[in-house]
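These notes are about the structure you will find just below.
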Amino acid sequence: MQPRFPTRPQARFRARFRAARFGGLVAALLAVPARAGDAPGPAPLWPEPDGTLILARPFGRSEISLRLSRRVAGAVDTLTWDGVTFLADTEPGDALQARAEVGSGGGCRQASEAGTPQDPTGEPAARRLRALRAGRSWAETETRMAWDGPSDPADEPPSDCPTGAAAAALPAPILHKRIALGLPGLGNAVEVQARFDLAEAAAALRLEPLAAAVPAEFSSAWRFDPASGGIAPLDPEPGERPDPVILATPEGSHALAVWAPGPPEQEPDAPRPGFAVDAEAGANRLSCRFRVAHAAAGAHAFACYALVGSLADVRAALRTLTAPP
């Protein structure tokens, strides 16, 4: 019998990316029943009376705990480890959630899983959540995303996606998402697999399977270099970067990083992940993004990963994930 060699992490995640790219991964994982048109189904049942679901997994000296909540349409409104909260959680937009930008220029519209106080439809977040399934350390949701309200002309800097009032009349994407705690050998990973279903084609598409507003106390921003396995201070200029980014407390005791696998070598034209840290009032927004040009109607599926722990913990996890096959 030939010996079996364990698959290296990067090879495993490239295989997962390939499956997600063609919709097979998410379709298999998110076994939610189809409904005719957009007819609402029965309200999902939450395990806690306050409309929440807790996922937890031990890691290091504590446990990583995620709380999904009805008030943010099934997104994560609390992430804790070692007694510290990793999400700002002052408004729905601070949740660990999926976001999308559909279109370009004056026709661009922004949508989010959790919604915002300016949701133009006025539909409660709880009614946008269409399905919920869960186990001890994973959960699957189906959600109609919410369009953001019209952009504020006073925004500084001005938005590059000036959502208009007409966006509310257009069908928002349907989000199928699986979130899970832990990977083989990486207990501090949070895996997010997301499929965005578009009702119509779009000239441009920016999808964020994972975005979160991190408290201002996480004031040290770092860039991880996959080639060397080292970290360096992040350039404060806004914008996307090809390398994973980390937000940490100044002493490095707590940190949050985002990462996603690149496409297989056989698919050089497939969307590549980008990572961003954007400063906001009282928080820093961390995100993992993919851009698609001339996006067809239908499903667009991608995966992103958050890494939780100390700065040393997340750096070690990133080195494992980016090790050559």
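We label chains A, B, ... in the order they appear in the structure tokens, count residues from 1 in each chain, and number ligands from 1 in the order shown.
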
In segment 156-301 of chain A, DSSP helix (DSSP H, G or I) residues written as a PyMOL selection string: chain A and resi 165-169

Given the selection you just returned, output its residues as a file containing all heavy atoms, formatted as a PDB file, in the first residue's frame.
ATOM      1  N   ALA A 165     -30.927  56.999  -4.234  1.00  0.00           N
ATOM      2  CA  ALA A 165     -32.200  56.589  -3.659  1.00  0.00           C
ATOM      3  C   ALA A 165     -32.898  55.530  -4.502  1.00  0.00           C
ATOM      4  O   ALA A 165     -33.669  54.726  -3.997  1.00  0.00           O
ATOM      5  CB  ALA A 165     -33.109  57.808  -3.505  1.00  0.00           C
ATOM      6  N   ALA A 166     -32.623  55.500  -5.816  1.00  0.00           N
ATOM      7  CA  ALA A 166     -33.304  54.541  -6.691  1.00  0.00           C
ATOM      8  C   ALA A 166     -32.890  53.105  -6.422  1.00  0.00           C
ATOM      9  O   ALA A 166     -33.553  52.173  -6.853  1.00  0.00           O
ATOM     10  CB  ALA A 166     -33.020  54.881  -8.150  1.00  0.00           C
ATOM     11  N   ALA A 167     -31.789  52.914  -5.685  1.00  0.00           N
ATOM     12  CA  ALA A 167     -31.300  51.555  -5.461  1.00  0.00           C
ATOM     13  C   ALA A 167     -32.310  50.687  -4.728  1.00  0.00           C
ATOM     14  O   ALA A 167     -32.331  49.477  -4.894  1.00  0.00           O
ATOM     15  CB  ALA A 167     -29.992  51.599  -4.672  1.00  0.00           C
ATOM     16  N   ALA A 168     -33.149  51.307  -3.902  1.00  0.00           N
ATOM     17  CA  ALA A 168     -34.086  50.524  -3.104  1.00  0.00           C
ATOM     18  C   ALA A 168     -35.063  49.745  -3.972  1.00  0.00           C
ATOM     19  O   ALA A 168     -35.599  48.726  -3.555  1.00  0.00           O
ATOM     20  CB  ALA A 168     -34.846  51.443  -2.157  1.00  0.00           C
ATOM     21  N   ALA A 169     -35.333  50.223  -5.192  1.00  0.00           N
ATOM     22  CA  ALA A 169     -36.299  49.549  -6.051  1.00  0.00           C
ATOM     23  C   ALA A 169     -35.697  48.354  -6.775  1.00  0.00           C
ATOM     24  O   ALA A 169     -36.421  47.580  -7.395  1.00  0.00           O
ATOM     25  CB  ALA A 169     -36.853  50.542  -7.069  1.00  0.00           C
TER      26      ALA A 169
END

Quick one: everything within 10 Å of Asp225 of chain A, counting only C-alpha atoms, minus sequence neighbours fewer than 3 positions away in the same chain. Send it as a PyMOL selection string. chain A and resi 222+228-232+242-245+315+318-319+322

Save out the residues we just selected, all heavy atoms, as a tab-separated table (two decimals), in the first residue's frame.
chain	number	residue	atom	x	y	z
A	222	TRP	N	-0.69	46.10	10.61
A	222	TRP	CA	0.47	45.38	10.08
A	222	TRP	C	0.13	44.75	8.74
A	222	TRP	O	-1.02	44.41	8.46
A	222	TRP	CB	0.91	44.28	11.05
A	222	TRP	CG	1.28	44.76	12.41
A	222	TRP	CD1	0.44	44.92	13.48
A	222	TRP	CD2	2.57	45.15	12.86
A	222	TRP	NE1	1.14	45.39	14.57
A	222	TRP	CE2	2.45	45.53	14.22
A	222	TRP	CE3	3.83	45.20	12.26
A	222	TRP	CZ2	3.53	45.96	14.98
A	222	TRP	CZ3	4.91	45.62	13.01
A	222	TRP	CH2	4.76	46.00	14.35
A	228	SER	N	8.34	36.07	3.12
A	228	SER	CA	9.29	35.96	4.23
A	228	SER	C	8.66	35.43	5.51
A	228	SER	O	9.37	34.98	6.42
A	228	SER	CB	9.92	37.32	4.51
A	228	SER	OG	8.94	38.23	5.03
A	229	GLY	N	7.34	35.50	5.61
A	229	GLY	CA	6.66	35.12	6.84
A	229	GLY	C	6.75	36.19	7.92
A	229	GLY	O	6.36	35.95	9.06
A	230	GLY	N	7.25	37.37	7.56
A	230	GLY	CA	7.39	38.45	8.52
A	230	GLY	C	6.25	39.45	8.42
A	230	GLY	O	5.39	39.38	7.54
A	231	ILE	N	6.23	40.40	9.35
A	231	ILE	CA	5.23	41.46	9.33
A	231	ILE	C	5.94	42.81	9.34
A	231	ILE	O	7.08	42.93	9.81
A	231	ILE	CB	4.26	41.36	10.52
A	231	ILE	CG1	5.00	41.44	11.86
A	231	ILE	CG2	3.42	40.10	10.43
A	231	ILE	CD1	4.08	41.50	13.07
A	232	ALA	N	5.27	43.81	8.81
A	232	ALA	CA	5.81	45.17	8.77
A	232	ALA	C	4.66	46.14	8.99
A	232	ALA	O	3.51	45.82	8.67
A	232	ALA	CB	6.48	45.44	7.42
A	242	PRO	N	-2.53	43.48	-1.79
A	242	PRO	CA	-2.56	42.05	-2.11
A	242	PRO	C	-2.16	41.15	-0.96
A	242	PRO	O	-2.43	39.95	-1.00
A	242	PRO	CB	-1.55	41.94	-3.26
A	242	PRO	CG	-0.59	43.07	-3.01
A	242	PRO	CD	-1.41	44.18	-2.43
A	243	ASP	N	-1.51	41.72	0.07
A	243	ASP	CA	-1.04	40.91	1.20
A	243	ASP	C	-2.01	41.00	2.37
A	243	ASP	O	-2.66	42.03	2.58
A	243	ASP	CB	0.34	41.38	1.66
A	243	ASP	CG	1.41	41.14	0.61
A	243	ASP	OD1	1.24	40.21	-0.20
A	243	ASP	OD2	2.41	41.89	0.60
A	244	PRO	N	-2.11	39.94	3.17
A	244	PRO	CA	-3.00	39.95	4.33
A	244	PRO	C	-2.65	41.09	5.29
A	244	PRO	O	-1.49	41.50	5.41
A	244	PRO	CB	-2.75	38.59	4.99
A	244	PRO	CG	-2.23	37.73	3.88
A	244	PRO	CD	-1.43	38.64	3.00
A	245	VAL	N	-3.67	41.60	5.99
A	245	VAL	CA	-3.48	42.70	6.93
A	245	VAL	C	-3.92	42.26	8.32
A	245	VAL	O	-4.76	41.37	8.48
A	245	VAL	CB	-4.23	43.96	6.49
A	245	VAL	CG1	-3.62	44.53	5.22
A	245	VAL	CG2	-5.71	43.67	6.27
A	315	ARG	N	0.17	35.69	13.33
A	315	ARG	CA	1.30	35.59	12.41
A	315	ARG	C	1.65	34.12	12.15
A	315	ARG	O	1.90	33.72	11.01
A	315	ARG	CB	2.52	36.33	12.97
A	315	ARG	CG	3.74	36.23	12.07
A	315	ARG	CD	4.98	36.80	12.72
A	315	ARG	NE	6.16	36.55	11.91
A	315	ARG	CZ	7.40	36.77	12.31
A	315	ARG	NH1	7.63	37.26	13.52
A	315	ARG	NH2	8.42	36.51	11.51
A	318	LEU	N	-0.90	32.67	9.78
A	318	LEU	CA	-0.69	33.13	8.41
A	318	LEU	C	0.50	32.41	7.77
A	318	LEU	O	0.47	32.08	6.58
A	318	LEU	CB	-0.47	34.64	8.40
A	318	LEU	CG	-1.73	35.48	8.62
A	318	LEU	CD1	-1.37	36.94	8.89
A	318	LEU	CD2	-2.66	35.39	7.41
A	319	ARG	N	1.54	32.16	8.54
A	319	ARG	CA	2.68	31.43	7.99
A	319	ARG	C	2.29	30.01	7.61
A	319	ARG	O	2.73	29.48	6.58
A	319	ARG	CB	3.83	31.42	9.01
A	319	ARG	CG	4.41	32.79	9.28
A	319	ARG	CD	5.57	32.76	10.25
A	319	ARG	NE	6.75	32.16	9.65
A	319	ARG	CZ	7.94	32.10	10.24
A	319	ARG	NH1	8.09	32.62	11.46
A	319	ARG	NH2	8.96	31.55	9.64
A	322	THR	N	0.08	30.16	4.34
A	322	THR	CA	0.76	30.60	3.11
A	322	THR	C	2.01	29.79	2.80
A	322	THR	O	2.75	30.12	1.88
A	322	THR	CB	1.13	32.09	3.20
A	322	THR	OG1	1.96	32.31	4.35
A	322	THR	CG2	-0.13	32.95	3.33

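Across the model, the gap from atom CA of Ala301 of chain A to atom CA of Thr141 of chain A is 14.3 Å.
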
Near-Ala75 of chain A list (12 Å; only C-alpha atoms; drop same-chain fewer than 3 positions) as number ranges by chain: A: 51-54, 66-72, 78-79, 89, 92-99, 112-115, 125-126, 128-129, 132, 139-145, 175-179, 192, 209-212

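Distances to Glu240 of chain A were evaluated for A:Leu205, A:Arg289, A:Pro271, A:Ala194 using only C-alpha atoms, and the minimum falls at A:Arg289.
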
Close residues, Phe218 of chain A itself excluded, 6 Å, only C-alpha atoms, min 3 positions apart in chain, as an NGL selection string: :A and (215 or 247-249)

Could the residues in this selection be saved with N, CA and C atoms as an mmCIF file, in the first residue's frame?
data_model
loop_
_atom_site.group_PDB
_atom_site.id
_atom_site.type_symbol
_atom_site.label_atom_id
_atom_site.label_comp_id
_atom_site.auth_asym_id
_atom_site.auth_seq_id
_atom_site.Cartn_x
_atom_site.Cartn_y
_atom_site.Cartn_z
ATOM 1 N N PRO A 215 -12.565 47.636 17.187
ATOM 2 C CA PRO A 215 -12.452 48.777 18.098
ATOM 3 C C PRO A 215 -11.161 49.570 17.893
ATOM 4 N N LEU A 247 -4.835 43.849 12.390
ATOM 5 C CA LEU A 247 -5.035 44.917 13.368
ATOM 6 C C LEU A 247 -4.760 44.341 14.747
ATOM 7 N N ALA A 248 -3.958 45.049 15.540
ATOM 8 C CA ALA A 248 -3.561 44.532 16.848
ATOM 9 C C ALA A 248 -3.554 45.647 17.881
ATOM 10 N N THR A 249 -3.636 45.254 19.144
ATOM 11 C CA THR A 249 -3.427 46.213 20.220
ATOM 12 C C THR A 249 -1.945 46.592 20.232
#

Report as a PyMOL selection string all protein, DNA and RNA residues lying within 9 Å of segment 252-266 of chain A, evaluated on only C-alpha atoms, omitting residues in the same chain fewer than 3 positions from it. chain A and resi 10+13-18+21+81-82+84+86+210+214+218+220+243-249+269-275+286-289+302-315+318+321-322

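Across the model, the gap from atom CA of Asp197 of chain A to atom CA of Ala296 of chain A is 10.0 Å.
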
Pick out the closest residue to Gly103 of chain A from this set: A:Ala56, A:Ala283, A:Ala204, A:Ala276. Count only C-alpha atoms.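 Once distances to Gly103 of chain A are computed over only C-alpha atoms, the minimum belongs to A:Ala204.
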
Could you tell me which of A:Val292, A:Ala281, A:Leu186, A:Ala299 comes closest to Val102 of chain A if we count only C-alpha atoms? A:Val292

Please, which residues of segment 189-274 of chain A, numbered as in this document, come out strand (DSSP E or B) from DSSP, as a PDB file with N, CA, C and O atoms, in the first residue's frame?
ATOM      1  N   ALA A 189      -8.892  29.976  13.580  1.00  0.00           N
ATOM      2  CA  ALA A 189      -9.404  30.448  12.293  1.00  0.00           C
ATOM      3  C   ALA A 189     -10.927  30.525  12.316  1.00  0.00           C
ATOM      4  O   ALA A 189     -11.601  29.664  12.885  1.00  0.00           O
ATOM      5  N   VAL A 190     -11.457  31.566  11.689  1.00  0.00           N
ATOM      6  CA  VAL A 190     -12.894  31.704  11.451  1.00  0.00           C
ATOM      7  C   VAL A 190     -13.077  31.667   9.938  1.00  0.00           C
ATOM      8  O   VAL A 190     -12.618  32.563   9.226  1.00  0.00           O
ATOM      9  N   GLU A 191     -13.704  30.618   9.452  1.00  0.00           N
ATOM     10  CA  GLU A 191     -13.875  30.429   8.014  1.00  0.00           C
ATOM     11  C   GLU A 191     -15.235  30.964   7.581  1.00  0.00           C
ATOM     12  O   GLU A 191     -16.265  30.616   8.166  1.00  0.00           O
ATOM     13  N   VAL A 192     -15.236  31.807   6.555  1.00  0.00           N
ATOM     14  CA  VAL A 192     -16.476  32.352   6.007  1.00  0.00           C
ATOM     15  C   VAL A 192     -16.544  31.988   4.530  1.00  0.00           C
ATOM     16  O   VAL A 192     -15.685  32.389   3.744  1.00  0.00           O
ATOM     17  N   GLN A 193     -17.545  31.214   4.163  1.00  0.00           N
ATOM     18  CA  GLN A 193     -17.797  30.862   2.770  1.00  0.00           C
ATOM     19  C   GLN A 193     -19.095  31.546   2.367  1.00  0.00           C
ATOM     20  O   GLN A 193     -20.128  31.351   3.015  1.00  0.00           O
ATOM     21  N   ALA A 194     -19.037  32.348   1.331  1.00  0.00           N
ATOM     22  CA  ALA A 194     -20.196  33.165   0.968  1.00  0.00           C
ATOM     23  C   ALA A 194     -20.505  33.036  -0.515  1.00  0.00           C
ATOM     24  O   ALA A 194     -19.603  33.060  -1.351  1.00  0.00           O
ATOM     25  N   ARG A 195     -21.789  32.905  -0.817  1.00  0.00           N
ATOM     26  CA  ARG A 195     -22.261  32.925  -2.201  1.00  0.00           C
ATOM     27  C   ARG A 195     -23.260  34.063  -2.346  1.00  0.00           C
ATOM     28  O   ARG A 195     -24.260  34.124  -1.624  1.00  0.00           O
ATOM     29  N   PHE A 196     -22.969  34.961  -3.262  1.00  0.00           N
ATOM     30  CA  PHE A 196     -23.829  36.108  -3.534  1.00  0.00           C
ATOM     31  C   PHE A 196     -24.608  35.823  -4.812  1.00  0.00           C
ATOM     32  O   PHE A 196     -24.008  35.630  -5.872  1.00  0.00           O
ATOM     33  N   ASP A 197     -25.923  35.796  -4.736  1.00  0.00           N
ATOM     34  CA  ASP A 197     -26.761  35.554  -5.908  1.00  0.00           C
ATOM     35  C   ASP A 197     -27.291  36.886  -6.430  1.00  0.00           C
ATOM     36  O   ASP A 197     -28.042  37.584  -5.727  1.00  0.00           O
ATOM     37  N   LEU A 198     -26.900  37.242  -7.653  1.00  0.00           N
ATOM     38  CA  LEU A 198     -27.329  38.497  -8.265  1.00  0.00           C
ATOM     39  C   LEU A 198     -28.529  38.257  -9.169  1.00  0.00           C
ATOM     40  O   LEU A 198     -28.542  37.310  -9.960  1.00  0.00           O
ATOM     41  N   ALA A 202     -24.009  42.916 -13.785  1.00  0.00           N
ATOM     42  CA  ALA A 202     -23.462  44.188 -13.313  1.00  0.00           C
ATOM     43  C   ALA A 202     -22.158  44.479 -14.037  1.00  0.00           C
ATOM     44  O   ALA A 202     -21.359  43.568 -14.298  1.00  0.00           O
ATOM     45  N   ALA A 203     -21.935  45.749 -14.352  1.00  0.00           N
ATOM     46  CA  ALA A 203     -20.699  46.135 -15.030  1.00  0.00           C
ATOM     47  C   ALA A 203     -19.486  45.881 -14.149  1.00  0.00           C
ATOM     48  O   ALA A 203     -18.396  45.579 -14.639  1.00  0.00           O
ATOM     49  N   ALA A 204     -19.661  46.009 -12.851  1.00  0.00           N
ATOM     50  CA  ALA A 204     -18.567  45.772 -11.905  1.00  0.00           C
ATOM     51  C   ALA A 204     -19.161  45.266 -10.603  1.00  0.00           C
ATOM     52  O   ALA A 204     -20.307  45.560 -10.265  1.00  0.00           O
ATOM     53  N   LEU A 205     -18.345  44.519  -9.885  1.00  0.00           N
ATOM     54  CA  LEU A 205     -18.814  43.906  -8.644  1.00  0.00           C
ATOM     55  C   LEU A 205     -17.652  43.848  -7.665  1.00  0.00           C
ATOM     56  O   LEU A 205     -16.548  43.438  -8.021  1.00  0.00           O
ATOM     57  N   ARG A 206     -17.875  44.324  -6.451  1.00  0.00           N
ATOM     58  CA  ARG A 206     -16.904  44.132  -5.374  1.00  0.00           C
ATOM     59  C   ARG A 206     -17.609  43.399  -4.249  1.00  0.00           C
ATOM     60  O   ARG A 206     -18.584  43.900  -3.692  1.00  0.00           O
ATOM     61  N   LEU A 207     -17.116  42.209  -3.943  1.00  0.00           N
ATOM     62  CA  LEU A 207     -17.736  41.369  -2.929  1.00  0.00           C
ATOM     63  C   LEU A 207     -16.804  41.237  -1.736  1.00  0.00           C
ATOM     64  O   LEU A 207     -15.609  40.967  -1.897  1.00  0.00           O
ATOM     65  N   GLU A 208     -17.356  41.414  -0.555  1.00  0.00           N
ATOM     66  CA  GLU A 208     -16.607  41.277   0.689  1.00  0.00           C
ATOM     67  C   GLU A 208     -17.258  40.175   1.520  1.00  0.00           C
ATOM     68  O   GLU A 208     -18.209  40.429   2.260  1.00  0.00           O
ATOM     69  N   PRO A 209     -16.784  38.936   1.405  1.00  0.00           N
ATOM     70  CA  PRO A 209     -17.350  37.881   2.250  1.00  0.00           C
ATOM     71  C   PRO A 209     -17.164  38.160   3.737  1.00  0.00           C
ATOM     72  O   PRO A 209     -17.947  37.687   4.559  1.00  0.00           O
ATOM     73  N   LEU A 210     -16.131  38.939   4.072  1.00  0.00           N
ATOM     74  CA  LEU A 210     -15.820  39.187   5.477  1.00  0.00           C
ATOM     75  C   LEU A 210     -15.390  40.641   5.651  1.00  0.00           C
ATOM     76  O   LEU A 210     -14.396  41.078   5.075  1.00  0.00           O
ATOM     77  N   ALA A 211     -16.170  41.387   6.419  1.00  0.00           N
ATOM     78  CA  ALA A 211     -15.834  42.767   6.773  1.00  0.00           C
ATOM     79  C   ALA A 211     -16.234  42.982   8.223  1.00  0.00           C
ATOM     80  O   ALA A 211     -17.241  42.439   8.683  1.00  0.00           O
ATOM     81  N   ALA A 212     -15.440  43.753   8.953  1.00  0.00           N
ATOM     82  CA  ALA A 212     -15.734  43.972  10.371  1.00  0.00           C
ATOM     83  C   ALA A 212     -15.174  45.304  10.822  1.00  0.00           C
ATOM     84  O   ALA A 212     -14.113  45.736  10.353  1.00  0.00           O
ATOM     85  N   ALA A 213     -15.884  45.958  11.730  1.00  0.00           N
ATOM     86  CA  ALA A 213     -15.399  47.177  12.367  1.00  0.00           C
ATOM     87  C   ALA A 213     -14.743  46.784  13.687  1.00  0.00           C
ATOM     88  O   ALA A 213     -15.397  46.260  14.593  1.00  0.00           O
ATOM     89  N   VAL A 214     -13.447  47.004  13.786  1.00  0.00           N
ATOM     90  CA  VAL A 214     -12.649  46.602  14.944  1.00  0.00           C
ATOM     91  C   VAL A 214     -12.469  47.811  15.860  1.00  0.00           C
ATOM     92  O   VAL A 214     -12.253  48.930  15.384  1.00  0.00           O
ATOM     93  N   PRO A 215     -12.565  47.636  17.187  1.00  0.00           N
ATOM     94  CA  PRO A 215     -12.452  48.777  18.098  1.00  0.00           C
ATOM     95  C   PRO A 215     -11.161  49.570  17.893  1.00  0.00           C
ATOM     96  O   PRO A 215     -10.128  49.030  17.476  1.00  0.00           O
ATOM     97  N   SER A 220      -2.712  49.263  16.057  1.00  0.00           N
ATOM     98  CA  SER A 220      -1.496  48.918  15.315  1.00  0.00           C
ATOM     99  C   SER A 220      -1.864  48.088  14.094  1.00  0.00           C
ATOM    100  O   SER A 220      -2.445  47.007  14.225  1.00  0.00           O
ATOM    101  N   ALA A 221      -1.545  48.606  12.918  1.00  0.00           N
ATOM    102  CA  ALA A 221      -1.871  47.919  11.668  1.00  0.00           C
ATOM    103  C   ALA A 221      -0.596  47.343  11.059  1.00  0.00           C
ATOM    104  O   ALA A 221       0.432  48.025  10.983  1.00  0.00           O
ATOM    105  N   TRP A 222      -0.686  46.098  10.608  1.00  0.00           N
ATOM    106  CA  TRP A 222       0.466  45.380  10.081  1.00  0.00           C
ATOM    107  C   TRP A 222       0.134  44.745   8.737  1.00  0.00           C
ATOM    108  O   TRP A 222      -1.015  44.410   8.460  1.00  0.00           O
ATOM    109  N   ARG A 223       1.174  44.563   7.946  1.00  0.00           N
ATOM    110  CA  ARG A 223       1.073  43.831   6.684  1.00  0.00           C
ATOM    111  C   ARG A 223       1.898  42.559   6.810  1.00  0.00           C
ATOM    112  O   ARG A 223       3.037  42.590   7.273  1.00  0.00           O
ATOM    113  N   PHE A 224       1.306  41.432   6.413  1.00  0.00           N
ATOM    114  CA  PHE A 224       2.020  40.159   6.449  1.00  0.00           C
ATOM    115  C   PHE A 224       2.629  39.880   5.081  1.00  0.00           C
ATOM    116  O   PHE A 224       1.957  40.001   4.053  1.00  0.00           O
ATOM    117  N   ASP A 225       3.901  39.515   5.064  1.00  0.00           N
ATOM    118  CA  ASP A 225       4.607  39.198   3.818  1.00  0.00           C
ATOM    119  C   ASP A 225       4.664  37.679   3.656  1.00  0.00           C
ATOM    120  O   ASP A 225       5.420  37.009   4.364  1.00  0.00           O
ATOM    121  N   GLY A 230       7.250  37.370   7.558  1.00  0.00           N
ATOM    122  CA  GLY A 230       7.386  38.449   8.522  1.00  0.00           C
ATOM    123  C   GLY A 230       6.248  39.449   8.423  1.00  0.00           C
ATOM    124  O   GLY A 230       5.394  39.377   7.536  1.00  0.00           O
ATOM    125  N   ILE A 231       6.226  40.396   9.350  1.00  0.00           N
ATOM    126  CA  ILE A 231       5.233  41.459   9.330  1.00  0.00           C
ATOM    127  C   ILE A 231       5.943  42.807   9.340  1.00  0.00           C
ATOM    128  O   ILE A 231       7.077  42.930   9.809  1.00  0.00           O
ATOM    129  N   ALA A 232       5.272  43.815   8.806  1.00  0.00           N
ATOM    130  CA  ALA A 232       5.811  45.169   8.766  1.00  0.00           C
ATOM    131  C   ALA A 232       4.663  46.138   8.993  1.00  0.00           C
ATOM    132  O   ALA A 232       3.507  45.824   8.671  1.00  0.00           O
ATOM    133  N   PRO A 233       4.949  47.326   9.551  1.00  0.00           N
ATOM    134  CA  PRO A 233       3.876  48.310   9.745  1.00  0.00           C
ATOM    135  C   PRO A 233       3.171  48.617   8.431  1.00  0.00           C
ATOM    136  O   PRO A 233       3.799  48.708   7.372  1.00  0.00           O
ATOM    137  N   ARG A 241      -4.851  46.011  -0.697  1.00  0.00           N
ATOM    138  CA  ARG A 241      -3.494  45.491  -0.801  1.00  0.00           C
ATOM    139  C   ARG A 241      -3.556  44.011  -1.119  1.00  0.00           C
ATOM    140  O   ARG A 241      -4.491  43.327  -0.712  1.00  0.00           O
ATOM    141  N   VAL A 245      -3.666  41.596   5.988  1.00  0.00           N
ATOM    142  CA  VAL A 245      -3.475  42.696   6.932  1.00  0.00           C
ATOM    143  C   VAL A 245      -3.923  42.263   8.323  1.00  0.00           C
ATOM    144  O   VAL A 245      -4.757  41.367   8.482  1.00  0.00           O
ATOM    145  N   ILE A 246      -3.350  42.927   9.320  1.00  0.00           N
ATOM    146  CA  ILE A 246      -3.595  42.592  10.723  1.00  0.00           C
ATOM    147  C   ILE A 246      -3.859  43.875  11.493  1.00  0.00           C
ATOM    148  O   ILE A 246      -3.177  44.885  11.281  1.00  0.00           O
ATOM    149  N   LEU A 247      -4.835  43.849  12.390  1.00  0.00           N
ATOM    150  CA  LEU A 247      -5.035  44.917  13.368  1.00  0.00           C
ATOM    151  C   LEU A 247      -4.760  44.341  14.747  1.00  0.00           C
ATOM    152  O   LEU A 247      -5.267  43.264  15.086  1.00  0.00           O
ATOM    153  N   ALA A 248      -3.958  45.049  15.540  1.00  0.00           N
ATOM    154  CA  ALA A 248      -3.561  44.532  16.848  1.00  0.00           C
ATOM    155  C   ALA A 248      -3.554  45.647  17.881  1.00  0.00           C
ATOM    156  O   ALA A 248      -3.479  46.835  17.548  1.00  0.00           O
ATOM    157  N   ALA A 255      -5.092  40.397  18.514  1.00  0.00           N
ATOM    158  CA  ALA A 255      -4.984  40.789  17.106  1.00  0.00           C
ATOM    159  C   ALA A 255      -6.032  40.057  16.278  1.00  0.00           C
ATOM    160  O   ALA A 255      -6.496  38.968  16.641  1.00  0.00           O
ATOM    161  N   LEU A 256      -6.380  40.675  15.154  1.00  0.00           N
ATOM    162  CA  LEU A 256      -7.327  40.092  14.197  1.00  0.00           C
ATOM    163  C   LEU A 256      -6.756  40.285  12.799  1.00  0.00           C
ATOM    164  O   LEU A 256      -6.367  41.395  12.431  1.00  0.00           O
ATOM    165  N   ALA A 257      -6.679  39.207  12.033  1.00  0.00           N
ATOM    166  CA  ALA A 257      -6.146  39.260  10.670  1.00  0.00           C
ATOM    167  C   ALA A 257      -7.173  38.709   9.697  1.00  0.00           C
ATOM    168  O   ALA A 257      -8.076  37.953  10.080  1.00  0.00           O
ATOM    169  N   VAL A 258      -7.044  39.085   8.416  1.00  0.00           N
ATOM    170  CA  VAL A 258      -7.883  38.512   7.363  1.00  0.00           C
ATOM    171  C   VAL A 258      -6.982  37.951   6.272  1.00  0.00           C
ATOM    172  O   VAL A 258      -5.929  38.507   5.962  1.00  0.00           O
ATOM    173  N   TRP A 259      -7.428  36.833   5.696  1.00  0.00           N
ATOM    174  CA  TRP A 259      -6.667  36.143   4.647  1.00  0.00           C
ATOM    175  C   TRP A 259      -7.640  35.408   3.745  1.00  0.00           C
ATOM    176  O   TRP A 259      -8.751  35.047   4.160  1.00  0.00           O
ATOM    177  N   GLY A 274      -8.191  40.900  -2.229  1.00  0.00           N
ATOM    178  CA  GLY A 274      -7.554  42.125  -1.776  1.00  0.00           C
ATOM    179  C   GLY A 274      -7.936  42.351  -0.324  1.00  0.00           C
ATOM    180  O   GLY A 274      -8.987  41.880   0.135  1.00  0.00           O
TER     181      GLY A 274
END

Looking at only C-alpha atoms, which of A:Val277, A:Ala295, A:Val76, A:Ala227 is the one that sits closest to Glu200 of chain A? A:Ala295

Atom CA of Arg109 of chain A to atom CA of Asp148 of chain A, distance in Å rounded to a single decimal: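 Atom CA of Arg109 of chain A sits 7.5 Å away from atom CA of Asp148 of chain A.
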